[in-house]
file work_16.cif (mmCIF, C-alpha atoms)
data_my_file
#
loop_
_atom_site.label_atom_id
_atom_site.label_comp_id
_atom_site.auth_asym_id
_atom_site.auth_seq_id
_atom_site.Cartn_x
_atom_site.Cartn_y
_atom_site.Cartn_z
CA MET A 218 -87.82 -39.96 53.32
CA ALA A 219 -85.63 -36.89 53.32
CA THR A 220 -82.24 -37.18 51.66
CA SER A 221 -79.21 -36.13 53.69
CA THR A 222 -77.39 -33.26 52.02
CA TYR A 223 -74.57 -32.88 54.52
CA ASN A 224 -72.48 -36.00 55.07
CA LEU A 225 -69.22 -36.69 56.86
CA ILE A 226 -66.83 -38.19 54.31
CA ALA A 227 -63.85 -38.76 56.61
CA SER A 228 -62.16 -37.42 59.70
CA GLN A 229 -58.86 -37.62 61.49
CA ILE A 230 -57.53 -36.81 64.96
CA VAL A 231 -53.77 -36.38 65.14
CA GLY A 232 -52.00 -38.76 67.47
CA SER A 233 -49.24 -38.27 69.99
CA GLY A 234 -46.46 -38.04 67.41
CA GLY A 235 -48.02 -35.15 65.54
CA ALA A 236 -48.48 -35.09 61.77
CA SER A 237 -46.33 -33.34 59.19
CA SER A 238 -49.27 -33.30 56.80
CA ILE A 239 -52.84 -34.53 56.53
CA THR A 240 -54.19 -35.83 53.23
CA PHE A 241 -57.74 -36.72 52.30
CA SER A 242 -57.38 -38.96 49.26
CA SER A 243 -59.84 -40.75 46.99
CA ILE A 244 -62.44 -38.10 47.71
CA PRO A 245 -65.77 -39.38 46.34
CA GLN A 246 -67.04 -37.48 43.32
CA THR A 247 -70.69 -37.82 44.29
CA TYR A 248 -71.21 -34.50 46.07
CA THR A 249 -71.64 -30.93 44.86
CA ASP A 250 -69.39 -29.09 47.31
CA LEU A 251 -66.85 -29.90 50.02
CA LEU A 252 -66.65 -28.48 53.52
CA LEU A 253 -63.51 -28.89 55.61
CA LYS A 254 -63.58 -28.15 59.32
CA MET A 255 -60.33 -28.04 61.26
CA SER A 256 -59.16 -27.44 64.79
CA THR A 257 -55.39 -27.26 64.71
CA ALA A 258 -52.27 -26.21 66.54
CA ASP A 259 -48.62 -26.26 65.64
CA SER A 260 -45.37 -25.13 67.19
CA ARG A 261 -44.98 -21.59 65.92
CA SER A 262 -44.97 -18.78 68.44
CA THR A 263 -47.72 -16.67 66.86
CA PRO A 264 -50.40 -17.40 64.27
CA SER A 265 -50.31 -15.70 60.93
CA VAL A 266 -51.95 -15.76 57.54
CA SER A 267 -49.71 -18.57 56.40
CA ASP A 268 -50.09 -21.39 58.86
CA ILE A 269 -51.74 -24.06 56.74
CA LEU A 270 -50.71 -24.68 53.15
CA VAL A 271 -52.77 -26.63 50.63
CA ASN A 272 -51.91 -29.09 47.90
CA PHE A 273 -54.77 -30.19 45.64
CA ASN A 274 -54.46 -33.53 43.84
CA GLY A 275 -50.80 -33.88 44.76
CA THR A 276 -49.83 -31.22 42.25
CA GLY A 277 -47.57 -29.41 44.70
CA VAL A 278 -47.98 -27.20 47.75
CA GLY A 279 -49.58 -23.97 46.64
CA THR A 280 -49.50 -24.94 42.95
CA ASN A 281 -52.11 -22.98 40.98
CA VAL A 282 -53.54 -21.67 44.24
CA SER A 283 -54.17 -17.96 44.61
CA ALA A 284 -55.80 -16.32 47.58
CA ASN A 285 -56.85 -12.87 48.70
CA TYR A 286 -56.92 -12.19 52.41
CA PHE A 287 -58.36 -9.98 55.03
CA TYR A 288 -56.25 -10.52 58.11
CA GLY A 289 -57.21 -8.90 61.39
CA ASN A 290 -55.49 -8.87 64.75
CA GLY A 291 -58.11 -7.04 66.77
CA SER A 292 -56.73 -3.57 66.14
CA SER A 293 -56.07 -3.44 62.41
CA VAL A 294 -56.92 -5.23 59.18
CA THR A 295 -54.49 -6.02 56.40
CA GLY A 296 -55.27 -7.18 52.89
CA THR A 297 -52.76 -9.32 51.08
CA THR A 298 -52.37 -12.23 48.69
CA GLY A 299 -50.71 -15.62 48.93
CA THR A 300 -50.98 -19.31 48.33
CA GLN A 301 -52.33 -20.53 51.64
CA ILE A 302 -55.74 -21.95 52.26
CA ALA A 303 -56.32 -21.15 55.91
CA PHE A 304 -54.59 -20.53 59.16
CA GLY A 305 -56.44 -21.61 62.25
CA ASP A 306 -53.35 -22.47 64.24
CA GLY A 307 -52.69 -21.43 67.78
CA SER A 308 -49.31 -21.33 69.41
CA GLN A 309 -46.94 -23.57 71.30
CA GLY A 310 -48.76 -26.71 70.30
CA SER A 311 -51.38 -26.47 72.99
CA ILE A 312 -53.63 -23.65 71.84
CA PHE A 313 -55.97 -24.45 69.00
CA GLY A 314 -57.46 -22.35 66.26
CA ASN A 315 -60.52 -23.11 64.14
CA SER A 316 -60.99 -22.99 60.41
CA GLU A 317 -63.69 -23.76 57.89
CA VAL A 318 -63.03 -24.07 54.19
CA TYR A 319 -65.84 -24.33 51.62
CA ILE A 320 -64.97 -25.58 48.15
CA ALA A 321 -67.74 -25.20 45.62
CA ASN A 322 -68.31 -27.44 42.59
CA TYR A 323 -65.16 -29.48 43.25
CA THR A 324 -65.92 -31.95 40.45
CA SER A 325 -66.57 -29.37 37.74
CA SER A 326 -64.22 -28.65 34.85
CA ASN A 327 -64.09 -24.99 35.81
CA TYR A 328 -61.56 -23.44 38.17
CA LYS A 329 -62.44 -24.11 41.82
CA PRO A 330 -63.20 -21.17 44.08
CA TYR A 331 -63.08 -21.58 47.83
CA SER A 332 -63.76 -19.51 50.89
CA SER A 333 -62.13 -19.84 54.27
CA ASP A 334 -62.70 -18.29 57.65
CA SER A 335 -60.33 -18.88 60.52
CA ILE A 336 -59.55 -17.67 63.97
CA ALA A 337 -56.72 -18.13 66.45
CA GLU A 338 -56.87 -17.06 70.04
CA ILE A 339 -53.79 -16.99 72.26
CA ASN A 340 -55.09 -17.39 75.79
CA SER A 341 -56.60 -13.91 75.83
CA THR A 342 -53.28 -12.27 74.97
CA ALA A 343 -54.05 -11.97 71.28
CA GLY A 344 -56.71 -12.85 68.75
CA TYR A 345 -56.50 -13.18 65.01
CA GLN A 346 -59.09 -13.50 62.27
CA LEU A 347 -58.66 -14.41 58.64
CA LEU A 348 -61.03 -14.38 55.69
CA ILE A 349 -59.83 -15.82 52.42
CA ALA A 350 -61.26 -15.78 48.92
CA GLY A 351 -59.25 -18.37 47.04
CA LEU A 352 -59.05 -20.11 43.71
CA TRP A 353 -57.47 -23.33 42.51
CA SER A 354 -56.80 -22.67 38.83
CA SER A 355 -57.28 -26.17 37.50
CA THR A 356 -59.97 -27.85 35.43
CA ALA A 357 -59.38 -31.19 37.15
CA ALA A 358 -61.86 -32.51 39.66
CA ILE A 359 -60.51 -32.42 43.19
CA THR A 360 -59.69 -35.96 44.30
CA SER A 361 -57.31 -35.23 47.16
CA ILE A 362 -56.52 -32.40 49.54
CA SER A 363 -53.28 -32.24 51.51
CA LEU A 364 -52.77 -29.79 54.34
CA THR A 365 -49.33 -28.86 55.62
CA PRO A 366 -48.73 -26.57 58.58
CA TYR A 367 -46.37 -23.65 58.18
CA SER A 368 -44.21 -24.98 60.99
CA SER A 369 -44.63 -28.72 61.30
CA PRO A 370 -46.08 -30.71 62.79
CA PHE A 371 -49.78 -30.49 63.48
CA GLY A 372 -50.00 -31.01 67.20
CA GLN A 373 -51.69 -33.89 68.97
CA TYR A 374 -55.49 -33.66 69.07
CA SER A 375 -55.65 -31.49 65.98
CA THR A 376 -58.85 -32.55 64.22
CA PHE A 377 -59.92 -32.59 60.58
CA TYR A 378 -63.42 -33.27 59.26
CA LEU A 379 -64.25 -33.42 55.57
CA TYR A 380 -67.94 -33.16 54.64
CA GLY A 381 -69.68 -33.58 51.34
CA ILE A 382 -72.57 -31.27 50.46
CA LYS A 383 -75.24 -32.36 47.99
CA ASN A 384 -77.52 -30.00 46.18
CA SER A 385 -80.42 -32.43 46.31
CA MET B 64 -40.00 -36.15 62.19
CA ALA B 65 -43.77 -36.44 62.41
CA ASP B 66 -45.50 -38.74 59.98
CA VAL B 67 -47.41 -38.00 56.83
CA VAL B 68 -51.02 -39.08 57.39
CA ASP B 69 -53.25 -40.16 54.52
CA ILE B 70 -56.96 -40.82 54.94
CA ASN B 71 -58.50 -42.76 52.07
CA CYS B 72 -62.03 -41.40 51.89
CA GLU B 73 -63.40 -44.45 50.08
CA THR B 74 -61.97 -47.21 52.25
CA LYS B 75 -61.54 -45.12 55.44
CA GLU B 76 -58.08 -46.65 55.70
CA VAL B 77 -55.53 -44.41 57.42
CA THR B 78 -51.87 -44.84 56.53
CA THR B 79 -48.87 -43.11 58.05
CA ARG B 80 -45.28 -42.93 56.84
CA PRO B 81 -42.22 -40.74 57.36
CA GLN B 82 -41.74 -37.73 55.10
CA THR B 83 -39.60 -38.27 52.03
CA ALA B 84 -36.65 -36.00 51.31
CA GLU B 85 -38.67 -34.43 48.47
CA GLU B 86 -41.58 -33.71 50.76
CA ILE B 87 -39.29 -32.16 53.35
CA ALA B 88 -37.74 -29.94 50.68
CA ALA B 89 -41.15 -28.97 49.34
CA ALA B 90 -42.40 -28.13 52.81
CA GLU B 91 -39.33 -26.01 53.48
CA ALA B 92 -39.79 -24.17 50.19
CA ALA B 93 -43.45 -23.59 50.96
CA ALA B 94 -42.59 -22.33 54.42
CA ALA B 95 -40.08 -19.93 52.92
CA GLN B 96 -42.72 -18.62 50.53
CA ALA B 97 -45.18 -18.31 53.37
CA ALA B 98 -42.61 -16.37 55.36
CA ALA B 99 -42.10 -14.06 52.40
CA ASP B 100 -45.86 -13.54 52.14
CA LYS B 101 -46.00 -12.81 55.84
CA ALA B 102 -43.17 -10.29 55.53
CA VAL B 103 -45.05 -8.48 52.78
CA ALA B 104 -48.18 -8.39 54.90
CA ASP B 105 -46.28 -7.16 57.94
CA ALA B 106 -44.55 -4.47 55.89
CA ALA B 107 -47.88 -3.29 54.51
CA GLU B 108 -49.35 -3.15 58.00
CA LYS B 109 -46.34 -1.19 59.32
CA ALA B 110 -46.46 1.23 56.41
CA LYS B 111 -50.12 1.85 57.09
CA ALA B 112 -49.46 2.44 60.79
CA ASP B 113 -46.52 4.73 60.03
CA ALA B 114 -48.60 6.76 57.58
CA LYS B 115 -51.37 7.12 60.14
CA ALA B 116 -48.89 8.30 62.80
CA ALA B 117 -47.40 10.81 60.38
CA ALA B 118 -50.85 12.12 59.47
CA ILE B 119 -51.76 12.55 63.13
CA ALA B 120 -48.53 14.43 63.76
CA LYS B 121 -49.26 16.80 60.89
CA LEU B 122 -52.83 17.38 62.07
CA THR B 123 -51.57 18.09 65.55
CA ALA B 124 -48.99 20.50 64.16
CA LEU B 125 -51.81 22.35 62.40
CA GLY B 126 -53.43 22.98 65.76
CA LEU B 127 -56.07 20.25 65.98
CA THR B 128 -56.82 18.98 69.48
CA ALA B 129 -56.43 15.32 70.40
CA ASP B 130 -60.22 14.89 70.38
CA GLU B 131 -60.46 16.46 66.93
CA VAL B 132 -57.71 14.22 65.60
CA ALA B 133 -59.41 11.21 67.15
CA ALA B 134 -62.69 12.18 65.49
CA LEU B 135 -60.97 12.24 62.13
CA THR B 136 -58.94 9.08 62.52
CA ALA B 137 -61.33 6.80 64.40
#

call {"tool": "encode", "arguments": {"input": "work_16.cif", "output": "structure tokens"}}
result
Amino acid sequence: MATSTYNLIASQIVGSGGASSITFSSIPQTYTDLLLKMSTADSRSTPSVSDILVNFNGTGVGTNVSANYFYGNGSSVTGTTGTQIAFGDGSQGSIFGNSEVYIANYTSSNYKPYSSDSIAEINSTAGYQLLIAGLWSSTAAITSISLTPYSSPFGQYSTFYLYGIKNS
Amino acid sequence: MADVVDINCETKEVTTRPQTAEEIAAAEAAAAQAAADKAVADAAEKAKADAKAAAIAKLTALGLTADEVAALTA
């Protein structure tokens, strides 16, 4: 019998009150990699490279996180650096953006690289794309991931899915 | 203030609670840093656009046609 290599660990849909942050805690240490899929919106007027901030293991928002970006708006591309993990937000709480974040070897004692691709589309008036190459400079295994929007809260119906990837 | 949501991946239990004062302060500090990052990115993008406009103006002043400038800058 084939072994599943792609399993849903946990998921969350934000309720009517919104959420100031989303945390996946007690992440099982039985996988090789983690994959986070998000569809989110918050209250800011335009998306940017800084809409969702990450906190690994409760060590602090952006602590030991470094990221290199390519940020496009449909007419130009900008490269920059920062401490954010993804954007993926839309605008005005009702327009959603999508993001995927892949974290490799999250249980290893080496620093943890991650990649992220995100888009936000503003009802055909604007579109944004973001690619991130990031690194969490810690030797600790990742046991929790907290996500905080740039301008709280995550809007109702924002969704978060955390998957575990096995190499066998 | 919207709640903090925690999903325990082992038990699947979801807990919600209000933000603490520390968490609010940390979020505000992070937002300020993010705004600073955004300002740097915006400034870099504007500088790039300004440099391109200046280059086009100089090429035009040298006598290049609009099509020739476009061919160089596309």

call {"tool": "residues_around", "arguments": {"input": "work_16.cif", "residues": "region 229-233 of chain A", "least_positions_apart": "3", "cutoff": "12 Å", "atoms": "all atoms listed in the file", "output": "MDAnalysis selection string"}}
result
(chainID A and resid 225:226 236:241 253:259 310 370:379) or (chainID B and resid 65:72 75:79)

call {"tool": "closest_residue", "arguments": {"input": "work_16.cif", "among": "A:Asn322, A:Thr295, A:Ser333, A:Ser354", "to": "chain B", "atoms": "only C-alpha atoms"}}
result
A:Thr295

call {"tool": "atom_distance", "arguments": {"input": "work_16.cif", "atom1": "CA of Ala112 (chain B)", "atom2": "CA of Asn290 (chain A)"}}
result
13.4 Å

call {"tool": "closest_atom_pairs", "arguments": {"input": "work_16.cif", "of": "chain B", "to": "chain A", "cutoff": "12 Å", "atoms": "only C-alpha atoms", "output": "JSON lines"}}
result
{"residue": "B:Met64", "atom": "CA", "partner": "A:Ser237", "partner_atom": "CA", "distance": 7.5}
{"residue": "B:Ala65", "atom": "CA", "partner": "A:Ala236", "partner_atom": "CA", "distance": 4.9}
{"residue": "B:Asp66", "atom": "CA", "partner": "A:Ala236", "partner_atom": "CA", "distance": 5.0}
{"residue": "B:Val67", "atom": "CA", "partner": "A:Ser238", "partner_atom": "CA", "distance": 5.1}
{"residue": "B:Val68", "atom": "CA", "partner": "A:Ile239", "partner_atom": "CA", "distance": 5.0}
{"residue": "B:Asp69", "atom": "CA", "partner": "A:Thr240", "partner_atom": "CA", "distance": 4.6}
{"residue": "B:Ile70", "atom": "CA", "partner": "A:Phe241", "partner_atom": "CA", "distance": 4.9}
{"residue": "B:Asn71", "atom": "CA", "partner": "A:Ser242", "partner_atom": "CA", "distance": 4.9}
{"residue": "B:Cys72", "atom": "CA", "partner": "A:Ile244", "partner_atom": "CA", "distance": 5.3}
{"residue": "B:Glu73", "atom": "CA", "partner": "A:Ser243", "partner_atom": "CA", "distance": 6.0}
{"residue": "B:Thr74", "atom": "CA", "partner": "A:Ser243", "partner_atom": "CA", "distance": 8.6}
{"residue": "B:Lys75", "atom": "CA", "partner": "A:Ala227", "partner_atom": "CA", "distance": 6.9}
{"residue": "B:Glu76", "atom": "CA", "partner": "A:Ala227", "partner_atom": "CA", "distance": 9.8}
{"residue": "B:Val77", "atom": "CA", "partner": "A:Gln229", "partner_atom": "CA", "distance": 8.6}
{"residue": "B:Thr78", "atom": "CA", "partner": "A:Thr240", "partner_atom": "CA", "distance": 9.9}
{"residue": "B:Thr79", "atom": "CA", "partner": "A:Ala236", "partner_atom": "CA", "distance": 8.8}
{"residue": "B:Arg80", "atom": "CA", "partner": "A:Ala236", "partner_atom": "CA", "distance": 9.8}
{"residue": "B:Pro81", "atom": "CA", "partner": "A:Ser237", "partner_atom": "CA", "distance": 8.7}
{"residue": "B:Gln82", "atom": "CA", "partner": "A:Ser237", "partner_atom": "CA", "distance": 7.6}
{"residue": "B:Thr83", "atom": "CA", "partner": "A:Ser237", "partner_atom": "CA", "distance": 11.0}
{"residue": "B:Glu85", "atom": "CA", "partner": "A:Gly277", "partner_atom": "CA", "distance": 10.9}
{"residue": "B:Glu86", "atom": "CA", "partner": "A:Gly277", "partner_atom": "CA", "distance": 9.5}
{"residue": "B:Ile87", "atom": "CA", "partner": "A:Ser237", "partner_atom": "CA", "distance": 9.2}
{"residue": "B:Ala88", "atom": "CA", "partner": "A:Val278", "partner_atom": "CA", "distance": 11.0}
{"residue": "B:Ala89", "atom": "CA", "partner": "A:Val278", "partner_atom": "CA", "distance": 7.2}
{"residue": "B:Ala90", "atom": "CA", "partner": "A:Thr365", "partner_atom": "CA", "distance": 7.5}
{"residue": "B:Glu91", "atom": "CA", "partner": "A:Tyr367", "partner_atom": "CA", "distance": 8.8}
{"residue": "B:Ala92", "atom": "CA", "partner": "A:Val278", "partner_atom": "CA", "distance": 9.1}
{"residue": "B:Ala93", "atom": "CA", "partner": "A:Val278", "partner_atom": "CA", "distance": 6.6}
{"residue": "B:Ala94", "atom": "CA", "partner": "A:Tyr367", "partner_atom": "CA", "distance": 5.5}
{"residue": "B:Ala95", "atom": "CA", "partner": "A:Tyr367", "partner_atom": "CA", "distance": 9.0}
{"residue": "B:Gln96", "atom": "CA", "partner": "A:Thr300", "partner_atom": "CA", "distance": 8.6}
{"residue": "B:Ala97", "atom": "CA", "partner": "A:Ser267", "partner_atom": "CA", "distance": 5.5}
{"residue": "B:Ala98", "atom": "CA", "partner": "A:Ser267", "partner_atom": "CA", "distance": 7.5}
{"residue": "B:Ala99", "atom": "CA", "partner": "A:Gly299", "partner_atom": "CA", "distance": 9.4}
{"residue": "B:Asp100", "atom": "CA", "partner": "A:Gly299", "partner_atom": "CA", "distance": 6.2}
{"residue": "B:Lys101", "atom": "CA", "partner": "A:Val266", "partner_atom": "CA", "distance": 6.9}
{"residue": "B:Ala102", "atom": "CA", "partner": "A:Ser265", "partner_atom": "CA", "distance": 10.5}
{"residue": "B:Val103", "atom": "CA", "partner": "A:Thr297", "partner_atom": "CA", "distance": 7.9}
{"residue": "B:Ala104", "atom": "CA", "partner": "A:Thr297", "partner_atom": "CA", "distance": 6.0}
{"residue": "B:Asp105", "atom": "CA", "partner": "A:Thr295", "partner_atom": "CA", "distance": 8.4}
{"residue": "B:Ala106", "atom": "CA", "partner": "A:Thr295", "partner_atom": "CA", "distance": 10.1}
{"residue": "B:Ala107", "atom": "CA", "partner": "A:Thr295", "partner_atom": "CA", "distance": 7.4}
{"residue": "B:Glu108", "atom": "CA", "partner": "A:Thr295", "partner_atom": "CA", "distance": 6.1}
{"residue": "B:Lys109", "atom": "CA", "partner": "A:Thr295", "partner_atom": "CA", "distance": 9.9}
{"residue": "B:Ala110", "atom": "CA", "partner": "A:Thr295", "partner_atom": "CA", "distance": 10.8}
{"residue": "B:Lys111", "atom": "CA", "partner": "A:Thr295", "partner_atom": "CA", "distance": 9.0}
{"residue": "B:Ala112", "atom": "CA", "partner": "A:Ser293", "partner_atom": "CA", "distance": 9.0}
{"residue": "B:Lys115", "atom": "CA", "partner": "A:Ser293", "partner_atom": "CA", "distance": 11.8}
{"residue": "B:Ala137", "atom": "CA", "partner": "A:Ser292", "partner_atom": "CA", "distance": 11.5}

call {"tool": "resolve_selection", "arguments": {"input": "work_16.cif", "expression": "the PyMOL selection byres ((chain A and resi 252) around 9)", "output": "short mmCIF file (atom, residue, chain, number, x, y, z; two decimals) with C-alpha atoms, in the coordinates of the input"}}
result
data_model
loop_
_atom_site.label_atom_id
_atom_site.label_comp_id
_atom_site.auth_asym_id
_atom_site.auth_seq_id
_atom_site.Cartn_x
_atom_site.Cartn_y
_atom_site.Cartn_z
CA ASP A 250 -69.39 -29.09 47.31
CA LEU A 251 -66.85 -29.90 50.02
CA LEU A 253 -63.51 -28.89 55.61
CA LYS A 254 -63.58 -28.15 59.32
CA GLU A 317 -63.69 -23.76 57.89
CA VAL A 318 -63.03 -24.07 54.19
CA TYR A 319 -65.84 -24.33 51.62
CA ILE A 320 -64.97 -25.58 48.15
CA ALA A 321 -67.74 -25.20 45.62
CA TYR A 378 -63.42 -33.27 59.26
CA LEU A 379 -64.25 -33.42 55.57
CA TYR A 380 -67.94 -33.16 54.64
CA GLY A 381 -69.68 -33.58 51.34
CA ILE A 382 -72.57 -31.27 50.46
#

call {"tool": "atom_distance", "arguments": {"input": "work_16.cif", "atom1": "CA of Gly344 (chain A)", "atom2": "CA of Ser292 (chain A)"}}
result
9.6 Å

call {"tool": "atom_distance", "arguments": {"input": "work_16.cif", "atom1": "CA of Gln346 (chain A)", "atom2": "CA of Tyr331 (chain A)"}}
result
17.0 Å

call {"tool": "axis_aligned_box", "arguments": {"input": "work_16.cif", "around": "region 77-88 of chain B", "padding_each_side": "3 Å", "output": "JSON"}}
result
{"center_x": -46.1, "center_y": -37.4, "center_z": 53.3, "size_x": 24.9, "size_y": 20.9, "size_z": 15.6}
